[in-house]
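Q: Before we start, here is the structure in question, set down as structure tokens.
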Amino acid sequence: MLPQNIEKIKEVRTKTSEVLSDLLRSQKFVLDALEQCDEKSYEQAMEPIKGINKKVEVIDQLVVTVMVRYSPEARDLREMIAFLKIASSLQRLATNEKNYIKNMKICNENTEPEVKKIILESLSINRCTIRAIEYAIDMIEVTDDKEKLREIASRIDVEASKTDDIYTMLEKDVLQRMNQEHMINEDFVNALKYIRKNLKILDRLEDISSKLIFARIGGTL
Amino acid sequence: MLPQNIEKIKEVRTKTSEVLSDLLRSQKFVLDALEQCDEKSYEQAMEPIKGINKKVEVIDQLVVTVMVRYSPEARDLREMIAFLKIASSLQRLATNEKNYIKNMKICNENTEPEVKKIILESLSINRCTIRAIEYAIDMIEVTDDKEKLREIASRIDVEASKTDDIYTMLEKDVLQRMNQEHMINEDFVNALKYIRKNLKILDRLEDISSKLIFARIGGTL
Amino acid sequence: MNTTQKPIMEIKDLRFIYPGAAQPTLKGNNLTIYENQITAMIGPSGCGKSTLLRALNRIHDLYPGCKYDGEILLRSNTTGEMNDILKLRKENEFIKLRQQVGMIFQKPTPFPMSIYDNVAYGLRLSGIKNKGELDGRIEKALKEAAIWDEVKNRLNDSAMGMSGGQQQRLCIARSVALKPKVLLFDEPTSALDPISTAAIEELISELKKDVTVVIVTHNMQQASRLSDYTTFMYLGDIIEFGPTEEVFLNPREKLTEDYITGRFG
Amino acid sequence: MNTTQKPIMEIKDLRFIYPGAAQPTLKGNNLTIYENQITAMIGPSGCGKSTLLRALNRIHDLYPGCKYDGEILLRSNTTGEMNDILKLRKENEFIKLRQQVGMIFQKPTPFPMSIYDNVAYGLRLSGIKNKGELDGRIEKALKEAAIWDEVKNRLNDSAMGMSGGQQQRLCIARSVALKPKVLLFDEPTSALDPISTAAIEELISELKKDVTVVIVTHNMQQASRLSDYTTFMYLGDIIEFGPTEEVFLNPREKLTEDYITGRFG
Amino acid sequence: MGGRLFKDFSLFSATLSLFLLIGIFAVLFSYAQASLHEFGFNFLYMEQWEIGEDDEGGVFGGYIPIIGTLLTTLIAMVIATPLAMGIAIFLTEIAPAAIIKPFSIAIELLAAIPSIIYGMWGLFYFAPIVQTLFGGNGVGLLTAGIVLAIMIIPFMAAITRDSMNTAPDVLKESAYAIGATKFEVIKDIVMPYSKGGIIGSVILALGRALGETMAVAFLIGSVMAIPQKITDPTTSIPVLLANNFAEAQDLEMSSMYYLALILFVVSFALISMAKVYFMRKR
Amino acid sequence: MNRLLLNKIILILSTLSAFVGIGFLFWILVTLTYKGVASLQLTTFTHDLVEGGIRNLLVGQFTMAGIATLVTVPLGVMAGIYLREYGNATRVTSIIRNLSDIMTSAPSIVIGVFVFAFLVEPFGTFNGWAGAASLGIMMLPIIISTTDNMLALVPKELREAGIALGGSKHKIILQIVLQAAKVGVTTGILLSFARIIGETAPLLFTSSNNQFFTMDMNSQFPSLTVSIYNLATYPDEASRNLAWAASFVLTAIVLFINLVGRFVTRSKHL
Ligand SMILES: Nc1ncnc2c1ncn2[C@@H]1O[C@H](COP(=O)(O)OP(=O)(O)OP(=O)(O)O)[C@@H](O)[C@H]1O
Ligand SMILES: Nc1ncnc2c1ncn2[C@@H]1O[C@H](COP(=O)(O)OP(=O)(O)OP(=O)(O)O)[C@@H](O)[C@H]1O
Ligand SMILES: [Mg+2]
Ligand SMILES: [Mg+2]
Ligand SMILES: O=P([O-])([O-])[O-]
């Protein structure tokens, strides 16, 4: 195999890692922002995801180049197809993240303390997301060790199901409270809805991990 | 080129057409439902999009097969990559459609007449969407006639910009009315938001059309 | 690839030693050839692909001193039983075997006679003398080999004057005329240009309606686009055998994957 | 592919007629060869790829009666001017040209002498007699051709005993030793197995650091993975020329596309 | 320049052989003039070979040596051709690998043995056998023919084998692969494929037999007489030349040149024919 | 089955004929060895013909063949080079090539006649030069055509590779093409030497023969083969025995050279 080819394939990986790192930074800023109710951090969080669409296009183009020039087979082909699919997922991830940040701006000095409390509780979800993104980045690095790949993939799954549990608890909590106070607080409902965006991000990350499993271990797409 | 290869490529096209047709049927049911405020039609509209995820998986798998077995080049390669990307878009389209239908269930016998009026007015957007889907289906059939492809693509763009215009007018209308009545009607705002889902569908269709242009005419992805 | 496929040949623990060779060239191979399927054999040069292929119609036995071990079963037309072709000893048994298991080589091998006689040759050997029947079978074979239109007006010209690709198709017609059950191809296109290659590939993929095909090829793309099953051989061993798409997309063995992705050696 | 690429050769309206041929084999071709880039020539058999390639160092002129028309410009090392090599007439001018524009053939062509002498041969022809300098240049060339490790302990063995792939790399070393500006390859791997092929391809893609490469190949995958620019020829005409990725992803001409996607003829 | 000199010298060498051939023809023709003038084409069927009074003039006809040459050659060809084909077939298609090599070498060595050895061996060992089997006095047409046959067999067999070997293995294998027997492969594939070469080798052997001197000189009896039986002694052109050329004078000498010319022209024609066949091989 | 039976019969016949052929070789070689060795004495090699030895004959035969070879080899090889390297398949080249091929098989006696006409008759005496000339004429076409054929086996890419490295044509021919064909050409020379060393007919009336030891090429020159012919026809036993001895020596030399040629070809890789 020509070294240029291997280079190009590596570049696809690196670019994908980069996009995930962008998301990671964004998530971390959001977490900061929410913990400290610091409005400026929202803007900072928006910053890294602005360039993602462009970067995804670059990934797509790199994959096309590899396909055109090297007609990859087996593992290489699986990897290229997987990354093409992952690129689409990354775009979605970025959109979800953007929506999440926009919506979470509701959390500022004027936010009702009760709502704020829910949001603060929901931050364990964010921490899970951050860990899951970190795992996904790790996964891209692992090319040969099937055991390790499966292990990381399962950790991502664990984070995803943890978030599900956390959200379920949060929801129960909110509903109980609303029941007690015999009223429907729009803000509560909205907060829950926005938090759910974060779950979608984890969904996508699971998706990416399964594509990486296809790339590195095989099976069907 | 082996006939089996050509067969497989055709199959990818057919399957993609099928998914678009599913969406088309769904859109038509929704239109019916909204025109007649017939709740049953919402259920009917959900029906065709239920199988889409499975079908998209089949398309992905077909593309992988073609790539593995035939190492396509040039036009064939562009087409396969385009359809892989289109498959991702189709999934998104289906999600948007599902959300739209779910949200639009607000339009029933109990709906406030004013809101209903807005929704009825928004139905020209739906008609645009329907036409755009039809165009997209047509486009898949056109493999060689570049002129025709460009023409259909521009028609899809026209539909998309028409919907933008329609939406802008609707929005202005609603805002004016709310201004006049000095109140913020949540229902109005929500209706607008749900209608916007439809715009996203048109966005995706434009995306698909540009991928088809890449497949058939070339350029960058 | 459905599950109703019937084995037509089965290779069991086949060892093969060339005369005078110290080491066996095939070291206990197992392989099933399914009816009306195309099975490709790939692997680096010298791994034993041709050797295995040539065992399937015992063409090795033209040269004395080859040693076989194990079994090569071929399904009988009449009884449906699997008979071991390694048990054959008599010349007329060999002749019958080779009429059932035909072979096409890397370089086209037109006989030095007319186009018509090339195809008629095998038929005559198999006892068909009647002119009408011959004509019919020859036309049919030439049509099946997708070369009828090009030669129908010059059946009496020498076959040596045809282009390489045409000659190869003529050779295929010659084999097909005998209605063999299995056709063995040893790199049938490696001496041809891409256009003739495409024609032969198309022809082979048409043929599988009627016969079972086993093809050795150096060209992995060819194996992947043409075959239903693929065998990867290395140093006289069958390393991997499976449906082509599986072998090329999800090879089980690292050796296979390295070879397919060009990271070999 | 940046825009700072400098042409090293330019072919202008080149027509070429073989001695005794009624039709020109090349019918007015225009092509630019960029410095330190790999330019591939593809096209169906007989379209004139080898003919065009062989015009670039005028090896055609070994056989009398070839007619050229048009210009083939080669950039001069010293003045940087583009000089028309079709104007050359004298034997020592040809010799100088061929030392600048080397050539590697389909079949490896080791000379019947030792490995060392094979590489030394061209150097000696070019006037280098000093043993120390020879040794140095030879080691360097063999290293550049990625074959030093395999031969350093048997430099005095005959070159005929090497494997095909090694012989081909030796021939490349032999050419490289002369520090040519341009190296012409005519299907350099079509006689080699996939593994040797991979080694040669890697070597060629390394070489482009120092020399400009023009390569004729039947293997489209090879052209696409190896070259920076691709030329598609058909019936003596250059149909399309452009950056390889463009030619293979977005060919401008239908003919090119049909050829590349295997829908040709 | 060295290159120029080199080329010119090579051209000179190449034309040399051309001039030699023309020279031979011209010399033979001009020395044969006297006889040609005297006897014209009648020479071919005149039986007398009588030296005139005082070594002046005389009547010379080539009929006897010509007939002798033709008959020995005919006998040789009839015997040699089937045997040589048999050997060639054995070597290409039948012999096990281990035997082919030594057998081929033996055949080729047989072809390399100088003709005079065949003559001597024939004279002392073979002629007596022919005498006991067929009568006569040992030397004569039949003995000469048989020994000539033995001499050209290895030559013919070697060239025929080479031609047959040009039939590619895959071609034969593909005939076997549609159920042919060995003989059918030889008859239908190998022979037609190498037809030109085989015919060429037969003609070439014929030319050899015609011009053969020493093997025949020992065995034909060298008698200027028309043979009545197959065992009768007679003479042939080369033998007549070998034995009498140096002593001949004037018109007889010229007639000898005439004979040499005939021999030369006939073998020239035969070899050219053989060449045409060799070239048509494919 | 009829086909199979026919097949068997033909195969048996072929095998039989092969053994008949090889039988004759054995017969000839065995009698030759038997008679030859029996007649060989040490004096056979140390004495000249007059004293019942073959010393002068061997020397004479080798001298003539040697001179023929020395003159013919450069001419023949150069001619072969011209035909293959410079001739460029023109008409003239192909005429020369064909005529030279035909000359290879020209009857040897006719060459004797030719040489007699212009090297013996004008000088009035048989002489060694004439013998050497007729052997040379026999040898020339053989060397031309082996050189030609051997050069043809050198792939044209090898020449082109040399030229592409910047060699001039004659250097490439000498240093590469001829090198590559070296073994074949050498074998050809060896074999043609073996061929002429056993020739009789062209010597009969060119060199004729000489009973005495001489190196004077202007006089009748001793010849082994001519002597064999003469000796064999003498009635006395001693002459015949000497003929057998000489034949044995001659055959041994010829076969030895042939075997050497074969060995050289086999170890082709330099
Ligand atoms: N007739 C023979 N006698 C002895 N060994 C042989 C013979 N033919 C082939 N071999 C050896 O058997 C091994 C397998 O050869 P085979 O021709 O089957 O390989 P292959 O996979 O077909 O290679 P390729 O791709 O080069 O055709 C090689 O090592 C070869 O050297
Ligand atoms: N020496 C020659 N004399 C006359 N015509 C020639 C000669 N060499 C090649 N040709 C003709 O010139 C045309 C181009 O030949 P060329 O060898 O350049 O083709 P190519 O593209 O290299 O083909 P391939 O892929 O088969 O090598 C062919 O039609 C061929 O027949
Ligand atoms: Mg093989
Ligand atoms: Mg070429
Ligand atoms: O071969 P001859 O010397 O007998 O002609």
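By order of appearance in the structure tokens: chains A, B, ..., then residues from 1 within every chain, and ligands from 1 in the order shown.
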Near C:Thr109, within 7 Å and counting only C-alpha atoms, which residues show up once chain neighbours fewer than 4 positions away are dropped, as a tab-separated table (two decimals) with N, CA, C and O atoms, in the first residue's frame?
A:
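Saved the output as result09.tsv:
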chain	number	residue	atom	x	y	z
C	171	CYS	N	-12.17	-20.54	-27.33
C	171	CYS	CA	-11.77	-21.65	-26.47
C	171	CYS	C	-12.87	-21.97	-25.46
C	171	CYS	O	-13.12	-23.13	-25.14
E	170	VAL	N	0.18	-25.66	-23.12
E	170	VAL	CA	-1.24	-25.35	-22.82
E	170	VAL	C	-2.13	-25.77	-23.97
E	170	VAL	O	-3.28	-26.16	-23.76
E	171	LEU	N	-1.59	-25.68	-25.20
E	171	LEU	CA	-2.41	-26.07	-26.35
E	171	LEU	C	-2.73	-27.55	-26.26
E	171	LEU	O	-3.87	-27.98	-26.43
E	174	SER	N	-5.07	-28.23	-23.46
E	174	SER	CA	-6.47	-27.90	-23.69
E	174	SER	C	-7.13	-28.94	-24.58
E	174	SER	O	-8.33	-29.11	-24.51
Q: I need the chain D residues near chain A as a list of chain:residue names; criterion: at most 6 Å, counting only C-alpha atoms.
A: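 My answer is D:Glu202, D:Ser224, D:Arg225.
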Q: Set the cut-off to 8 Å, count only C-alpha atoms and all ligand atoms, and list whatever residues fall near ligand 4 as a JSON list (two decimals) with C-alpha atoms, in the first residue's frame.
A:
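Final file, out_4.json:
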[["chain", "number", "residue", "atom", "x", "y", "z"],
["D", 45, "SER", "CA", -4.23, -1.02, -26.28],
["D", 46, "GLY", "CA", -2.73, 0.45, -29.41],
["D", 48, "GLY", "CA", -0.25, 5.27, -28.89],
["D", 49, "LYS", "CA", 0.84, 5.54, -25.27],
["D", 50, "SER", "CA", 4.16, 3.81, -25.79],
["D", 51, "THR", "CA", 4.69, 5.69, -29.02],
["D", 186, "ASP", "CA", 6.48, 1.82, -19.94],
["D", 187, "GLU", "CA", 4.21, -0.50, -17.96],
["D", 216, "VAL", "CA", 2.38, 4.31, -19.14]]
Q: Give me, as a PDB file with N, CA, C and O atoms, in the first residue's frame, the contact residues of chain F against chain D at a cut-off of 12 Å, counting only C-alpha atoms.
A:
ATOM      1  N   GLU F  85      21.595  -6.222 -36.254  1.00  0.00           N
ATOM      2  CA  GLU F  85      21.635  -4.923 -35.564  1.00  0.00           C
ATOM      3  C   GLU F  85      21.536  -3.726 -36.506  1.00  0.00           C
ATOM      4  O   GLU F  85      21.000  -2.691 -36.142  1.00  0.00           O
ATOM      5  N   TYR F  86      22.106  -3.868 -37.690  1.00  0.00           N
ATOM      6  CA  TYR F  86      22.095  -2.709 -38.580  1.00  0.00           C
ATOM      7  C   TYR F  86      21.150  -2.880 -39.758  1.00  0.00           C
ATOM      8  O   TYR F  86      20.674  -1.916 -40.332  1.00  0.00           O
ATOM      9  N   GLY F  87      20.934  -4.140 -40.135  1.00  0.00           N
ATOM     10  CA  GLY F  87      20.187  -4.417 -41.360  1.00  0.00           C
ATOM     11  C   GLY F  87      18.760  -3.907 -41.341  1.00  0.00           C
ATOM     12  O   GLY F  87      18.181  -3.590 -42.374  1.00  0.00           O
ATOM     13  N   ASN F  88      18.150  -3.838 -40.124  1.00  0.00           N
ATOM     14  CA  ASN F  88      16.802  -3.280 -40.008  1.00  0.00           C
ATOM     15  C   ASN F  88      15.789  -3.920 -40.934  1.00  0.00           C
ATOM     16  O   ASN F  88      14.973  -3.246 -41.543  1.00  0.00           O
ATOM     17  N   ALA F  89      15.882  -5.230 -41.057  1.00  0.00           N
ATOM     18  CA  ALA F  89      14.837  -5.947 -41.779  1.00  0.00           C
ATOM     19  C   ALA F  89      14.584  -5.380 -43.164  1.00  0.00           C
ATOM     20  O   ALA F  89      13.469  -5.422 -43.661  1.00  0.00           O
ATOM     21  N   THR F  90      15.607  -4.843 -43.790  1.00  0.00           N
ATOM     22  CA  THR F  90      15.415  -4.395 -45.176  1.00  0.00           C
ATOM     23  C   THR F  90      15.464  -5.606 -46.085  1.00  0.00           C
ATOM     24  O   THR F  90      15.789  -6.711 -45.667  1.00  0.00           O
ATOM     25  N   VAL F 154      18.139 -11.883 -27.954  1.00  0.00           N
ATOM     26  CA  VAL F 154      18.339 -10.802 -26.984  1.00  0.00           C
ATOM     27  C   VAL F 154      17.156  -9.839 -27.125  1.00  0.00           C
ATOM     28  O   VAL F 154      16.908  -9.335 -28.211  1.00  0.00           O
ATOM     29  N   PRO F 155      16.424  -9.627 -26.043  1.00  0.00           N
ATOM     30  CA  PRO F 155      15.228  -8.788 -26.173  1.00  0.00           C
ATOM     31  C   PRO F 155      15.577  -7.376 -26.651  1.00  0.00           C
ATOM     32  O   PRO F 155      16.608  -6.826 -26.267  1.00  0.00           O
ATOM     33  N   LYS F 156      14.708  -6.836 -27.472  1.00  0.00           N
ATOM     34  CA  LYS F 156      15.006  -5.514 -28.021  1.00  0.00           C
ATOM     35  C   LYS F 156      15.024  -4.464 -26.927  1.00  0.00           C
ATOM     36  O   LYS F 156      15.730  -3.468 -27.028  1.00  0.00           O
ATOM     37  N   GLU F 157      14.305  -4.752 -25.829  1.00  0.00           N
ATOM     38  CA  GLU F 157      14.332  -3.803 -24.714  1.00  0.00           C
ATOM     39  C   GLU F 157      15.727  -3.648 -24.121  1.00  0.00           C
ATOM     40  O   GLU F 157      16.054  -2.614 -23.565  1.00  0.00           O
ATOM     41  N   LEU F 158      16.537  -4.728 -24.218  1.00  0.00           N
ATOM     42  CA  LEU F 158      17.862  -4.653 -23.636  1.00  0.00           C
ATOM     43  C   LEU F 158      18.700  -3.633 -24.396  1.00  0.00           C
ATOM     44  O   LEU F 158      19.428  -2.836 -23.804  1.00  0.00           O
ATOM     45  N   ARG F 159      18.569  -3.658 -25.724  1.00  0.00           N
ATOM     46  CA  ARG F 159      19.284  -2.658 -26.528  1.00  0.00           C
ATOM     47  C   ARG F 159      18.755  -1.269 -26.195  1.00  0.00           C
ATOM     48  O   ARG F 159      19.503  -0.320 -25.984  1.00  0.00           O
ATOM     49  N   GLU F 160      17.425  -1.187 -26.151  1.00  0.00           N
ATOM     50  CA  GLU F 160      16.831   0.128 -25.902  1.00  0.00           C
ATOM     51  C   GLU F 160      17.236   0.636 -24.528  1.00  0.00           C
ATOM     52  O   GLU F 160      17.478   1.825 -24.347  1.00  0.00           O
ATOM     53  N   ALA F 161      17.324  -0.294 -23.569  1.00  0.00           N
ATOM     54  CA  ALA F 161      17.728   0.124 -22.226  1.00  0.00           C
ATOM     55  C   ALA F 161      19.143   0.694 -22.278  1.00  0.00           C
ATOM     56  O   ALA F 161      19.436   1.704 -21.634  1.00  0.00           O
ATOM     57  N   GLY F 162      20.014   0.030 -23.048  1.00  0.00           N
ATOM     58  CA  GLY F 162      21.377   0.526 -23.181  1.00  0.00           C
ATOM     59  C   GLY F 162      21.404   1.896 -23.832  1.00  0.00           C
ATOM     60  O   GLY F 162      22.052   2.835 -23.345  1.00  0.00           O
ATOM     61  N   ILE F 163      20.665   2.018 -24.914  1.00  0.00           N
ATOM     62  CA  ILE F 163      20.607   3.299 -25.618  1.00  0.00           C
ATOM     63  C   ILE F 163      20.031   4.373 -24.695  1.00  0.00           C
ATOM     64  O   ILE F 163      20.511   5.502 -24.647  1.00  0.00           O
ATOM     65  N   ALA F 164      18.992   3.972 -23.931  1.00  0.00           N
ATOM     66  CA  ALA F 164      18.340   4.952 -23.057  1.00  0.00           C
ATOM     67  C   ALA F 164      19.258   5.398 -21.930  1.00  0.00           C
ATOM     68  O   ALA F 164      19.011   6.391 -21.269  1.00  0.00           O
ATOM     69  N   LEU F 165      20.330   4.636 -21.685  1.00  0.00           N
ATOM     70  CA  LEU F 165      21.282   5.066 -20.675  1.00  0.00           C
ATOM     71  C   LEU F 165      22.321   5.994 -21.277  1.00  0.00           C
ATOM     72  O   LEU F 165      23.209   6.472 -20.586  1.00  0.00           O
ATOM     73  N   GLY F 166      22.221   6.190 -22.577  1.00  0.00           N
ATOM     74  CA  GLY F 166      23.164   7.095 -23.213  1.00  0.00           C
ATOM     75  C   GLY F 166      24.361   6.399 -23.822  1.00  0.00           C
ATOM     76  O   GLY F 166      25.440   6.985 -23.916  1.00  0.00           O
ATOM     77  N   GLY F 167      24.199   5.163 -24.253  1.00  0.00           N
ATOM     78  CA  GLY F 167      25.295   4.491 -24.949  1.00  0.00           C
ATOM     79  C   GLY F 167      25.189   4.722 -26.442  1.00  0.00           C
ATOM     80  O   GLY F 167      24.106   5.011 -26.942  1.00  0.00           O
ATOM     81  N   SER F 168      26.332   4.614 -27.152  1.00  0.00           N
ATOM     82  CA  SER F 168      26.211   4.697 -28.599  1.00  0.00           C
ATOM     83  C   SER F 168      25.990   3.289 -29.120  1.00  0.00           C
ATOM     84  O   SER F 168      26.273   2.300 -28.444  1.00  0.00           O
ATOM     85  N   LYS F 169      25.482   3.223 -30.326  1.00  0.00           N
ATOM     86  CA  LYS F 169      24.983   1.948 -30.805  1.00  0.00           C
ATOM     87  C   LYS F 169      26.049   0.845 -30.803  1.00  0.00           C
ATOM     88  O   LYS F 169      25.804  -0.259 -30.326  1.00  0.00           O
ATOM     89  N   HIS F 170      27.241   1.173 -31.318  1.00  0.00           N
ATOM     90  CA  HIS F 170      28.205   0.083 -31.423  1.00  0.00           C
ATOM     91  C   HIS F 170      28.712  -0.354 -30.058  1.00  0.00           C
ATOM     92  O   HIS F 170      29.015  -1.513 -29.832  1.00  0.00           O
ATOM     93  N   LYS F 171      28.734   0.575 -29.107  1.00  0.00           N
ATOM     94  CA  LYS F 171      29.123   0.190 -27.750  1.00  0.00           C
ATOM     95  C   LYS F 171      28.092  -0.760 -27.148  1.00  0.00           C
ATOM     96  O   LYS F 171      28.428  -1.739 -26.497  1.00  0.00           O
ATOM     97  N   ILE F 172      26.846  -0.419 -27.346  1.00  0.00           N
ATOM     98  CA  ILE F 172      25.788  -1.266 -26.797  1.00  0.00           C
ATOM     99  C   ILE F 172      25.856  -2.651 -27.436  1.00  0.00           C
ATOM    100  O   ILE F 172      25.719  -3.676 -26.751  1.00  0.00           O
ATOM    101  N   ILE F 173      26.100  -2.684 -28.746  1.00  0.00           N
ATOM    102  CA  ILE F 173      26.185  -3.984 -29.413  1.00  0.00           C
ATOM    103  C   ILE F 173      27.324  -4.807 -28.820  1.00  0.00           C
ATOM    104  O   ILE F 173      27.145  -5.972 -28.465  1.00  0.00           O
ATOM    105  N   GLN F 175      29.091  -4.290 -25.933  1.00  0.00           N
ATOM    106  CA  GLN F 175      29.190  -4.475 -24.495  1.00  0.00           C
ATOM    107  C   GLN F 175      27.980  -5.140 -23.872  1.00  0.00           C
ATOM    108  O   GLN F 175      28.075  -5.733 -22.805  1.00  0.00           O
ATOM    109  N   ILE F 176      26.854  -5.012 -24.536  1.00  0.00           N
ATOM    110  CA  ILE F 176      25.655  -5.568 -23.924  1.00  0.00           C
ATOM    111  C   ILE F 176      25.036  -6.678 -24.763  1.00  0.00           C
ATOM    112  O   ILE F 176      24.877  -7.799 -24.307  1.00  0.00           O
ATOM    113  N   VAL F 177      24.724  -6.362 -26.009  1.00  0.00           N
ATOM    114  CA  VAL F 177      24.018  -7.352 -26.814  1.00  0.00           C
ATOM    115  C   VAL F 177      24.893  -8.584 -27.017  1.00  0.00           C
ATOM    116  O   VAL F 177      24.450  -9.717 -26.789  1.00  0.00           O
ATOM    117  N   LEU F 178      26.138  -8.365 -27.386  1.00  0.00           N
ATOM    118  CA  LEU F 178      27.021  -9.492 -27.632  1.00  0.00           C
ATOM    119  C   LEU F 178      27.296 -10.249 -26.332  1.00  0.00           C
ATOM    120  O   LEU F 178      27.382 -11.469 -26.317  1.00  0.00           O
ATOM    121  N   GLN F 179      27.395  -9.499 -25.232  1.00  0.00           N
ATOM    122  CA  GLN F 179      27.564 -10.136 -23.926  1.00  0.00           C
ATOM    123  C   GLN F 179      26.398 -11.068 -23.637  1.00  0.00           C
ATOM    124  O   GLN F 179      26.583 -12.190 -23.200  1.00  0.00           O
ATOM    125  N   ALA F 180      25.229 -10.544 -23.888  1.00  0.00           N
ATOM    126  CA  ALA F 180      24.033 -11.320 -23.577  1.00  0.00           C
ATOM    127  C   ALA F 180      23.963 -12.566 -24.451  1.00  0.00           C
ATOM    128  O   ALA F 180      23.427 -13.587 -24.036  1.00  0.00           O
ATOM    129  N   ALA F 181      24.494 -12.450 -25.679  1.00  0.00           N
ATOM    130  CA  ALA F 181      24.405 -13.580 -26.597  1.00  0.00           C
ATOM    131  C   ALA F 181      25.666 -14.423 -26.566  1.00  0.00           C
ATOM    132  O   ALA F 181      25.781 -15.392 -27.305  1.00  0.00           O
ATOM    133  N   LYS F 182      26.578 -14.040 -25.703  1.00  0.00           N
ATOM    134  CA  LYS F 182      27.915 -14.644 -25.672  1.00  0.00           C
ATOM    135  C   LYS F 182      27.888 -16.174 -25.663  1.00  0.00           C
ATOM    136  O   LYS F 182      28.513 -16.819 -26.499  1.00  0.00           O
ATOM    137  N   VAL F 183      27.118 -16.685 -24.717  1.00  0.00           N
ATOM    138  CA  VAL F 183      27.104 -18.133 -24.550  1.00  0.00           C
ATOM    139  C   VAL F 183      26.620 -18.819 -25.826  1.00  0.00           C
ATOM    140  O   VAL F 183      27.238 -19.773 -26.316  1.00  0.00           O
ATOM    141  N   LYS F 268      24.062 -21.347 -18.459  1.00  0.00           N
ATOM    142  CA  LYS F 268      23.890 -20.118 -19.216  1.00  0.00           C
ATOM    143  C   LYS F 268      24.035 -18.863 -18.364  1.00  0.00           C
ATOM    144  O   LYS F 268      24.495 -17.839 -18.829  1.00  0.00           O
ATOM    145  N   HIS F 269      23.650 -18.971 -17.078  1.00  0.00           N
ATOM    146  CA  HIS F 269      23.679 -17.748 -16.270  1.00  0.00           C
ATOM    147  C   HIS F 269      25.095 -17.367 -15.902  1.00  0.00           C
ATOM    148  O   HIS F 269      25.510 -17.469 -14.764  1.00  0.00           O
ATOM    149  N   LEU F 270      25.817 -16.925 -16.914  1.00  0.00           N
ATOM    150  CA  LEU F 270      27.198 -16.464 -16.774  1.00  0.00           C
ATOM    151  C   LEU F 270      28.097 -17.466 -16.076  1.00  0.00           C
ATOM    152  O   LEU F 270      28.013 -17.650 -14.882  1.00  0.00           O
TER     153      LEU F 270
END
Q: Quick one: which residues from chain E are at most 12 Å off chain C, using only C-alpha atoms, as a PyMOL selection string?
A: chain E and resi 92-98+167-182+184-196+281-282
Q: Each residue of stretch 64-133 of chain B lying at most 10 Å from stretch 172-193 of chain B should get a row with its shortest atom-to-atom pair and the distance in Å to one decimal, counting only C-alpha atoms; could you produce that, ordered by chain and increasing number, as JSON lines?
A:
{"residue": "B:Tyr100", "atom": "CA", "partner": "B:Lys193", "partner_atom": "CA", "distance": 9.7}
{"residue": "B:Asn103", "atom": "CA", "partner": "B:Ala191", "partner_atom": "CA", "distance": 8.4}
{"residue": "B:Met104", "atom": "CA", "partner": "B:Ala191", "partner_atom": "CA", "distance": 7.9}
{"residue": "B:Ile106", "atom": "CA", "partner": "B:Ala191", "partner_atom": "CA", "distance": 8.4}
{"residue": "B:Cys107", "atom": "CA", "partner": "B:Ala191", "partner_atom": "CA", "distance": 9.1}
{"residue": "B:Thr111", "atom": "CA", "partner": "B:Asp187", "partner_atom": "CA", "distance": 9.3}
{"residue": "B:Glu112", "atom": "CA", "partner": "B:Asp187", "partner_atom": "CA", "distance": 8.6}
{"residue": "B:Glu114", "atom": "CA", "partner": "B:Phe188", "partner_atom": "CA", "distance": 8.5}
{"residue": "B:Val115", "atom": "CA", "partner": "B:Phe188", "partner_atom": "CA", "distance": 6.1}
{"residue": "B:Lys116", "atom": "CA", "partner": "B:Ala191", "partner_atom": "CA", "distance": 9.1}
{"residue": "B:Ile118", "atom": "CA", "partner": "B:Val174", "partner_atom": "CA", "distance": 7.9}
{"residue": "B:Ile119", "atom": "CA", "partner": "B:Ala191", "partner_atom": "CA", "distance": 7.1}
{"residue": "B:Ser122", "atom": "CA", "partner": "B:Leu192", "partner_atom": "CA", "distance": 9.0}
